[in-house]
$ cat data11.pdb   # PDB, C-alpha atoms
ATOM      1  CA  MET A  11      10.520  65.635 117.814
ATOM      2  CA  ASP A  12      11.278  69.347 118.014
ATOM      3  CA  ASP A  13       9.986  70.708 121.332
ATOM      4  CA  THR A  14       8.721  73.886 119.647
ATOM      5  CA  ALA A  15       7.021  72.376 116.602
ATOM      6  CA  HIS A  16       4.768  69.361 116.382
ATOM      7  CA  PRO A  17       3.136  67.513 113.502
ATOM      8  CA  ARG A  18      -0.649  67.322 113.572
ATOM      9  CA  LEU A  19      -3.161  64.763 112.377
ATOM     10  CA  ARG A  20      -6.511  65.944 111.061
ATOM     11  CA  THR A  21      -8.756  62.927 111.403
ATOM     12  CA  ARG A  22     -11.915  61.950 109.595
ATOM     13  CA  PRO A  23     -13.144  58.884 111.504
ATOM     14  CA  ALA A  24     -14.956  55.813 110.316
ATOM     15  CA  ALA A  25     -18.734  56.032 110.474
ATOM     16  CA  SER A  26     -20.336  55.775 113.897
ATOM     17  CA  GLY A  27     -20.740  52.170 114.955
ATOM     18  CA  GLN A  28     -18.212  50.908 112.418
ATOM     19  CA  ASP A  29     -15.102  49.073 113.537
ATOM     20  CA  VAL A  30     -12.001  50.526 111.917
ATOM     21  CA  ARG A  31     -10.939  48.062 109.223
ATOM     22  CA  GLY A  32      -8.206  50.203 107.692
ATOM     23  CA  ALA A  33      -6.729  53.674 107.559
ATOM     24  CA  VAL A  34      -5.413  56.104 104.976
ATOM     25  CA  LEU A  35      -2.615  58.548 105.767
ATOM     26  CA  VAL A  36      -2.545  61.569 103.433
ATOM     27  CA  LEU A  37       0.761  63.422 103.015
ATOM     28  CA  HIS A  38       1.113  66.906 101.553
ATOM     29  CA  GLY A  39       3.877  68.425  99.468
ATOM     30  CA  GLY A  40       6.559  70.938 100.313
ATOM     31  CA  ARG A  41       9.961  72.248  99.300
ATOM     32  CA  GLU A  42      13.472  70.899  99.067
ATOM     33  CA  ARG A  43      14.623  73.025 101.987
ATOM     34  CA  SER A  44      12.630  75.166 104.410
ATOM     35  CA  ARG A  45      12.258  75.447 108.175
ATOM     36  CA  GLY A  46       9.130  77.498 107.751
ATOM     37  CA  ARG A  47       6.231  76.092 109.729
ATOM     38  CA  VAL A  48       3.374  74.412 107.899
ATOM     39  CA  THR A  49      -0.069  75.965 108.354
ATOM     40  CA  PRO A  50      -3.437  74.510 107.328
ATOM     41  CA  LEU A  51      -3.964  77.316 104.793
ATOM     42  CA  GLN A  52      -0.826  76.714 102.755
ATOM     43  CA  LEU A  53      -1.548  75.512  99.230
ATOM     44  CA  ALA A  54       0.453  72.296  99.572
ATOM     45  CA  HIS A  55      -1.712  71.292 102.534
ATOM     46  CA  LEU A  56      -4.989  72.548 101.058
ATOM     47  CA  ARG A  57      -4.356  70.596  97.853
ATOM     48  CA  MET A  58      -4.771  67.329  99.764
ATOM     49  CA  VAL A  59      -7.983  68.247 101.567
ATOM     50  CA  PRO A  60     -10.256  67.158  98.662
ATOM     51  CA  PHE A  61      -8.501  63.788  98.585
ATOM     52  CA  ALA A  62      -9.066  63.298 102.323
ATOM     53  CA  ARG A  63     -12.707  64.338 101.976
ATOM     54  CA  ASP A  64     -13.400  61.963  99.105
ATOM     55  CA  LEU A  65     -11.682  59.076 100.841
ATOM     56  CA  HIS A  66     -13.798  59.745 103.930
ATOM     57  CA  ARG A  67     -17.004  60.155 101.922
ATOM     58  CA  HIS A  68     -16.620  56.744 100.304
ATOM     59  CA  GLY A  69     -14.684  54.921 103.020
ATOM     60  CA  ALA A  70     -16.260  55.897 106.345
ATOM     61  CA  ARG A  71     -19.206  53.533 106.036
ATOM     62  CA  ARG A  72     -16.753  50.761 105.162
ATOM     63  CA  GLY A  73     -14.779  51.259 108.365
ATOM     64  CA  VAL A  74     -11.957  53.372 106.935
ATOM     65  CA  ALA A  75     -10.453  56.212 108.969
ATOM     66  CA  VAL A  76      -8.674  58.992 107.052
ATOM     67  CA  HIS A  77      -5.868  61.101 108.491
ATOM     68  CA  LEU A  78      -4.317  64.179 106.867
ATOM     69  CA  LEU A  79      -0.864  64.877 108.278
ATOM     70  CA  GLN A  80       0.284  68.459 108.789
ATOM     71  CA  ASN A  81       4.086  68.424 108.886
ATOM     72  CA  ARG A  82       6.131  70.564 111.212
ATOM     73  CA  TYR A  83       8.208  72.166 108.479
ATOM     74  CA  ARG A  84       7.725  72.837 104.789
ATOM     75  CA  GLY A  85      11.028  71.320 103.665
ATOM     76  CA  TRP A  86      12.466  67.878 102.966
ATOM     77  CA  ASN A  87      15.567  69.173 104.734
ATOM     78  CA  ALA A  88      18.148  66.513 104.026
ATOM     79  CA  PRO A  89      19.862  64.978 105.906
ATOM     80  CA  ASP A  90      17.287  65.374 108.693
ATOM     81  CA  LEU A  91      14.346  64.352 106.450
ATOM     82  CA  ASP A  92      11.856  66.141 108.696
ATOM     83  CA  PRO A  93       8.712  65.011 106.836
ATOM     84  CA  VAL A  94       9.881  61.406 106.965
ATOM     85  CA  GLN A  95      10.206  61.718 110.735
ATOM     86  CA  ASP A  96       6.719  63.244 110.878
ATOM     87  CA  ALA A  97       5.226  60.424 108.809
ATOM     88  CA  ARG A  98       6.844  57.805 111.053
ATOM     89  CA  TRP A  99       5.308  59.596 114.034
ATOM     90  CA  ALA A 100       1.914  59.604 112.305
ATOM     91  CA  LEU A 101       2.063  55.875 111.587
ATOM     92  CA  ALA A 102       2.775  55.246 115.258
ATOM     93  CA  GLU A 103      -0.229  57.439 116.118
ATOM     94  CA  LEU A 104      -2.438  55.392 113.816
ATOM     95  CA  ARG A 105      -1.368  52.255 115.677
ATOM     96  CA  ARG A 106      -2.190  53.924 118.972
ATOM     97  CA  LEU A 107      -5.613  55.008 117.712
ATOM     98  CA  HIS A 108      -6.679  51.938 115.742
ATOM     99  CA  GLY A 109      -4.412  49.049 116.666
ATOM    100  CA  ARG A 110      -2.847  47.005 113.887
ATOM    101  CA  VAL A 111      -4.937  47.755 110.818
ATOM    102  CA  PRO A 112      -3.796  47.958 107.181
ATOM    103  CA  VAL A 113      -2.722  51.428 106.067
ATOM    104  CA  VAL A 114      -2.586  53.058 102.639
ATOM    105  CA  LEU A 115      -0.291  56.048 102.119
ATOM    106  CA  VAL A 116      -1.360  58.827  99.737
ATOM    107  CA  GLY A 117       1.221  61.519  98.997
ATOM    108  CA  HIS A 118       1.572  64.389  96.535
ATOM    109  CA  SER A 119       4.922  65.776  95.337
ATOM    110  CA  MET A 120       7.240  65.785  98.371
ATOM    111  CA  GLY A 121       4.530  63.846 100.194
ATOM    112  CA  GLY A 122       4.794  61.213  97.486
ATOM    113  CA  ARG A 123       8.503  60.907  98.146
ATOM    114  CA  VAL A 124       7.808  60.605 101.867
ATOM    115  CA  ALA A 125       5.227  57.887 101.222
ATOM    116  CA  LEU A 126       7.736  55.906  99.188
ATOM    117  CA  ARG A 127      10.290  56.200 102.001
ATOM    118  CA  VAL A 128       8.011  55.080 104.863
ATOM    119  CA  ALA A 129       6.223  52.318 102.937
ATOM    120  CA  ASP A 130       8.371  49.779 104.785
ATOM    121  CA  ASP A 131       6.263  50.276 107.918
ATOM    122  CA  ASP A 132       4.767  46.920 108.903
ATOM    123  CA  ASP A 133       1.178  48.172 108.614
ATOM    124  CA  VAL A 134       1.472  49.737 105.160
ATOM    125  CA  VAL A 135      -0.095  47.661 102.392
ATOM    126  CA  ALA A 136      -0.176  50.176  99.531
ATOM    127  CA  VAL A 137       1.126  53.538  98.346
ATOM    128  CA  VAL A 138      -0.325  56.191  96.042
ATOM    129  CA  GLY A 139       2.266  58.622  94.678
ATOM    130  CA  LEU A 140       0.664  61.645  92.992
ATOM    131  CA  ALA A 141       3.228  63.515  90.890
ATOM    132  CA  PRO A 142       5.850  62.214  93.321
ATOM    133  CA  TRP A 143       9.183  63.936  93.699
ATOM    134  CA  CYS A 144      11.669  61.231  92.755
ATOM    135  CA  GLU A 145      15.403  61.736  92.469
ATOM    136  CA  PRO A 146      17.681  59.593  90.266
ATOM    137  CA  GLY A 147      18.330  56.342  92.096
ATOM    138  CA  GLU A 148      15.537  56.878  94.629
ATOM    139  CA  PRO A 149      15.546  53.650  96.705
ATOM    140  CA  VAL A 150      12.803  51.144  95.895
ATOM    141  CA  THR A 151      13.379  48.625  98.688
ATOM    142  CA  HIS A 152      10.844  50.376 100.948
ATOM    143  CA  VAL A 153       7.950  49.411  98.645
ATOM    144  CA  ALA A 154       8.828  45.706  98.518
ATOM    145  CA  GLY A 155       5.660  43.631  98.662
ATOM    146  CA  ARG A 156       3.362  46.678  98.644
ATOM    147  CA  ALA A 157       0.827  47.645  96.005
ATOM    148  CA  LEU A 158       1.999  50.817  94.275
ATOM    149  CA  LEU A 159       0.134  53.325  92.142
ATOM    150  CA  ILE A 160       1.884  56.339  90.626
ATOM    151  CA  ALA A 161       0.084  59.018  88.626
ATOM    152  CA  HIS A 162       1.903  61.876  86.904
ATOM    153  CA  GLY A 163       0.696  64.693  84.672
ATOM    154  CA  ASP A 164       2.456  64.876  81.318
ATOM    155  CA  ARG A 165       2.714  68.681  81.657
ATOM    156  CA  ASP A 166       4.323  68.635  85.094
ATOM    157  CA  ARG A 167       7.255  71.067  85.255
ATOM    158  CA  THR A 168       7.866  70.775  89.006
ATOM    159  CA  THR A 169       8.544  67.061  89.437
ATOM    160  CA  ASP A 170       9.869  65.022  86.548
ATOM    161  CA  PRO A 171       7.515  62.352  85.121
ATOM    162  CA  ARG A 172      10.532  60.555  83.661
ATOM    163  CA  LEU A 173      11.919  59.977  87.153
ATOM    164  CA  SER A 174       8.662  58.586  88.520
ATOM    165  CA  LEU A 175       8.601  56.266  85.505
ATOM    166  CA  ASP A 176      12.143  55.145  86.282
ATOM    167  CA  PHE A 177      11.110  54.515  89.904
ATOM    168  CA  ALA A 178       8.108  52.450  88.788
ATOM    169  CA  ARG A 179      10.261  50.361  86.459
ATOM    170  CA  ARG A 180      12.761  49.602  89.208
ATOM    171  CA  ALA A 181      10.002  48.960  91.755
ATOM    172  CA  ARG A 182       8.745  46.073  89.644
ATOM    173  CA  ALA A 183      11.823  44.180  90.804
ATOM    174  CA  VAL A 184      10.540  44.221  94.410
ATOM    175  CA  THR A 185       6.750  44.064  93.969
ATOM    176  CA  ASP A 186       4.512  42.631  91.254
ATOM    177  CA  ARG A 187       1.732  45.186  91.874
ATOM    178  CA  VAL A 188       2.935  48.401  90.248
ATOM    179  CA  VAL A 189       0.838  50.603  87.974
ATOM    180  CA  ARG A 190       1.619  54.070  86.678
ATOM    181  CA  PHE A 191      -0.825  56.443  84.990
ATOM    182  CA  ASP A 192      -0.028  59.250  82.557
ATOM    183  CA  VAL A 193      -2.511  62.059  83.221
ATOM    184  CA  ALA A 194      -2.879  63.753  79.860
ATOM    185  CA  GLY A 195      -2.841  67.538  79.795
ATOM    186  CA  ASP A 196      -2.390  68.077  83.522
ATOM    187  CA  GLY A 197       0.390  69.677  85.533
ATOM    188  CA  HIS A 198       1.774  69.467  89.034
ATOM    189  CA  ALA A 199      -1.185  71.023  90.829
ATOM    190  CA  MET A 200      -3.600  68.326  89.545
ATOM    191  CA  LEU A 201      -6.263  70.965  88.856
ATOM    192  CA  ARG A 202      -7.273  70.455  85.232
ATOM    193  CA  ARG A 203      -8.566  66.917  85.803
ATOM    194  CA  ALA A 204      -9.004  67.042  89.561
ATOM    195  CA  GLY A 205     -11.947  64.664  89.622
ATOM    196  CA  ARG A 206     -10.024  61.921  87.836
ATOM    197  CA  TRP A 207      -7.054  62.190  90.213
ATOM    198  CA  THR A 208      -9.387  62.017  93.211
ATOM    199  CA  ARG A 209     -11.503  59.135  91.939
ATOM    200  CA  LEU A 210      -8.439  57.094  90.975
ATOM    201  CA  THR A 211      -6.908  57.607  94.418
ATOM    202  CA  THR A 212     -10.037  56.705  96.349
ATOM    203  CA  ASP A 213     -10.810  53.609  94.283
ATOM    204  CA  PHE A 214      -7.248  52.321  94.561
ATOM    205  CA  ALA A 215      -6.962  52.974  98.312
ATOM    206  CA  LEU A 216     -10.283  51.347  99.195
ATOM    207  CA  GLY A 217      -9.487  48.407  96.941
ATOM    208  CA  ALA A 218      -6.076  47.947  98.543
ATOM    209  CA  LEU A 219      -7.723  47.928 101.975
ATOM    210  CA  GLY A 220     -10.085  45.188 100.836
ATOM    211  CA  THR A 221     -13.253  47.229 101.365
ATOM    212  CA  GLN A 222     -14.222  47.077  97.679
ATOM    213  CA  PRO A 223     -12.985  45.252  94.571
ATOM    214  CA  VAL A 224      -9.841  46.615  92.953
ATOM    215  CA  ASP A 225     -10.588  48.412  89.681
ATOM    216  CA  PRO A 226      -9.959  46.014  86.732
ATOM    217  CA  LEU A 227      -8.035  48.819  85.018
ATOM    218  CA  ILE A 228      -5.489  48.527  87.816
ATOM    219  CA  THR A 229      -5.386  44.738  88.097
ATOM    220  CA  ASN A 230      -4.967  44.447  84.333
ATOM    221  CA  ALA A 231      -2.062  46.913  84.445
ATOM    222  CA  TRP A 232      -0.413  44.902  87.228
ATOM    223  CA  GLY A 233      -0.282  41.966  84.856
ATOM    224  CA  THR A 234       0.875  43.982  81.848
ATOM    225  CA  PRO A 235       4.634  44.044  81.174
ATOM    226  CA  SER A 236       6.591  47.284  80.916
ATOM    227  CA  PRO A 237       6.294  49.716  79.337
ATOM    228  CA  GLU A 238       2.526  49.455  78.750
ATOM    229  CA  GLY A 239       1.660  48.772  82.399
ATOM    230  CA  LEU A 240       3.571  51.889  83.421
ATOM    231  CA  HIS A 241       2.114  54.167  80.729
ATOM    232  CA  VAL A 242      -1.603  53.717  81.360
ATOM    233  CA  PRO A 243      -3.451  56.749  79.956
ATOM    234  CA  LEU A 244      -5.836  58.551  82.276
TER     235      LEU A 244
END
$ encode --input "data11.pdb" --output "structure tokens"
Amino acid sequence: MDDTAHPRLRTRPAASGQDVRGAVLVLHGGRERSRGRVTPLQLAHLRMVPFARDLHRHGARRGVAVHLLQNRYRGWNAPDLDPVQDARWALAELRRLHGRVPVVLVGHSMGGRVALRVADDDDVVAVVGLAPWCEPGEPVTHVAGRALLIAHGDRDRTTDPRLSLDFARRARAVTDRVVRFDVAGDGHAMLRRAGRWTRLTTDFALGALGTQPVDPLITNAWGTPSPEGLHVPL
């Protein structure tokens, strides 16, 4: 890690007296290239705070700890992939804090791309990609055997819904638990139907951790062939 910049974890612990049964790591968005430092007040970071709060509100009493990662830098910064390095560091921190517990990754935009890249960590059981930044040919091997939920607004002009659909199609070759939602009328910031994005994320994450039943809407989509199972309206 850079000696002058460090990633940070903002932790919302499980309820007092509860053993930690699982953890959620929340990953914020960014830019293609920037060495600007991330601050807690930047919009990309703030956008994920309601997700972390809702996950904690519904998961704490079930033994779920929620961690919001603050990256060192705002950019993806290929070939260094700074946010991927930061997420790997965060996963190691979760092991240090909680031992070997199942982890769900939740990422928006660039954070979605990061989540898809670090899903091969041994403790990760599921990934939520919210309007994920996918490039043509984005590798799918990292999500092998994981449960995967992608949601994308049909008015998104920042990340391409067609590319997240292509990723979901190809991911079905490496995992049989892939669902993708089309969020009607919403764009990249997830503001118009914020409650639906949040509820979907929390229900999926807690279901994947085994602390509540998985929503039948999701399990039915897992068993539905393409394209219907990858074009679920929300």
$ resolve_selection --input "data11.pdb" --expression "the PyMOL selection byres ((chain A and resi 158) around 12)" --output "ChimeraX atom specification"
/A:114-117,122,125-126,129,134-140,150,152-157,159-161,174,177-182,184-191,211,214-215,218,228-229,231-232,240
$ residues_near_point --input "data11.pdb" --point "(-9.7, 51.9, 106.8)" --cutoff "10 Å" --atoms "all atoms listed in the file" --output "MDAnalysis selection string"
chainID A and resid 23:24 29:35 65:66 69:76 108 111:114 215:216 218:221
$ atom_distance --input "data11.pdb" --atom1 "CA of Met120 (chain A)" --atom2 "CA of Arg43 (chain A)"
11.0 Å
$ resolve_selection --input "data11.pdb" --expression "the PyMOL selection byres ((chain A and resi 44) around 6)" --output "list in words"
Arg43, Arg45, Gly46, Arg84 and Gly85 of chain A
$ closest_atom_pairs --input "data11.pdb" --of "region 20-136 of chain A" --to "region 197-205 of chain A" --cutoff "12 Å" --atoms "all atoms listed in the file" --output "Markdown table"
| residue | atom | partner | partner_atom | distance |
| --- | --- | --- | --- | --- |
| A:His38 | CA | A:Ala199 | CA | 11.7 |
| A:Gly39 | CA | A:Ala199 | CA | 10.3 |
| A:Leu53 | CA | A:Ala199 | CA | 9.5 |
| A:Ala54 | CA | A:Ala199 | CA | 9.0 |
| A:His55 | CA | A:Ala199 | CA | 11.7 |
| A:Leu56 | CA | A:Ala199 | CA | 11.0 |
| A:Arg57 | CA | A:Ala199 | CA | 7.7 |
| A:Met58 | CA | A:Ala199 | CA | 10.3 |
| A:Pro60 | CA | A:Ala204 | CA | 9.2 |
| A:Phe61 | CA | A:Ala204 | CA | 9.6 |
| A:Asp64 | CA | A:Gly205 | CA | 10.0 |
| A:His118 | CA | A:His198 | CA | 9.1 |
| A:Ser119 | CA | A:His198 | CA | 8.0 |
| A:Met120 | CA | A:His198 | CA | 11.4 |
$ closest_residue --input "data11.pdb" --among "A:Arg127, A:Arg22, A:Arg106, A:Arg167" --to "Arg67 (chain A)" --atoms "all atoms listed in the file"
A:Arg22
$ resolve_selection --input "data11.pdb" --expression "the PyMOL selection byres ((chain A and resi 163) around 6)" --output "MDAnalysis selection string"
chainID A and resid 162 164:166 192:193 196:197
$ atom_distance --input "data11.pdb" --atom1 "CA of Pro142 (chain A)" --atom2 "CA of Thr169 (chain A)"
6.8 Å
$ residues_around --input "data11.pdb" --residues "Asn81 (chain A)" --least-positions-apart "6" --cutoff "12 Å" --atoms "all atoms listed in the file" --output "PyMOL selection string"
chain A and resi 11-12+15-20+36-41+44-50+52+54-55+91-100+120-121+124
$ atom_distance --input "data11.pdb" --atom1 "CA of His241 (chain A)" --atom2 "CA of Gly195 (chain A)"
14.3 Å
$ closest_residue --input "data11.pdb" --among "A:Ala183, A:Val224, A:Leu175, A:Leu210" --to "Thr151 (chain A)" --atoms "all atoms listed in the file"
A:Ala183
$ closest_residue --input "data11.pdb" --among "A:Glu42, A:Thr21, A:Thr212, A:Thr168" --to "Leu107 (chain A)" --atoms "all atoms listed in the file"
A:Thr21
$ axis_aligned_box --input "data11.pdb" --around "region 120-135 of chain A" --padding-each-side "8 Å" --output "JSON"
{"center_x": 5.1, "center_y": 56.4, "center_z": 103.2, "size_x": 26.4, "size_y": 34.9, "size_z": 27.4}
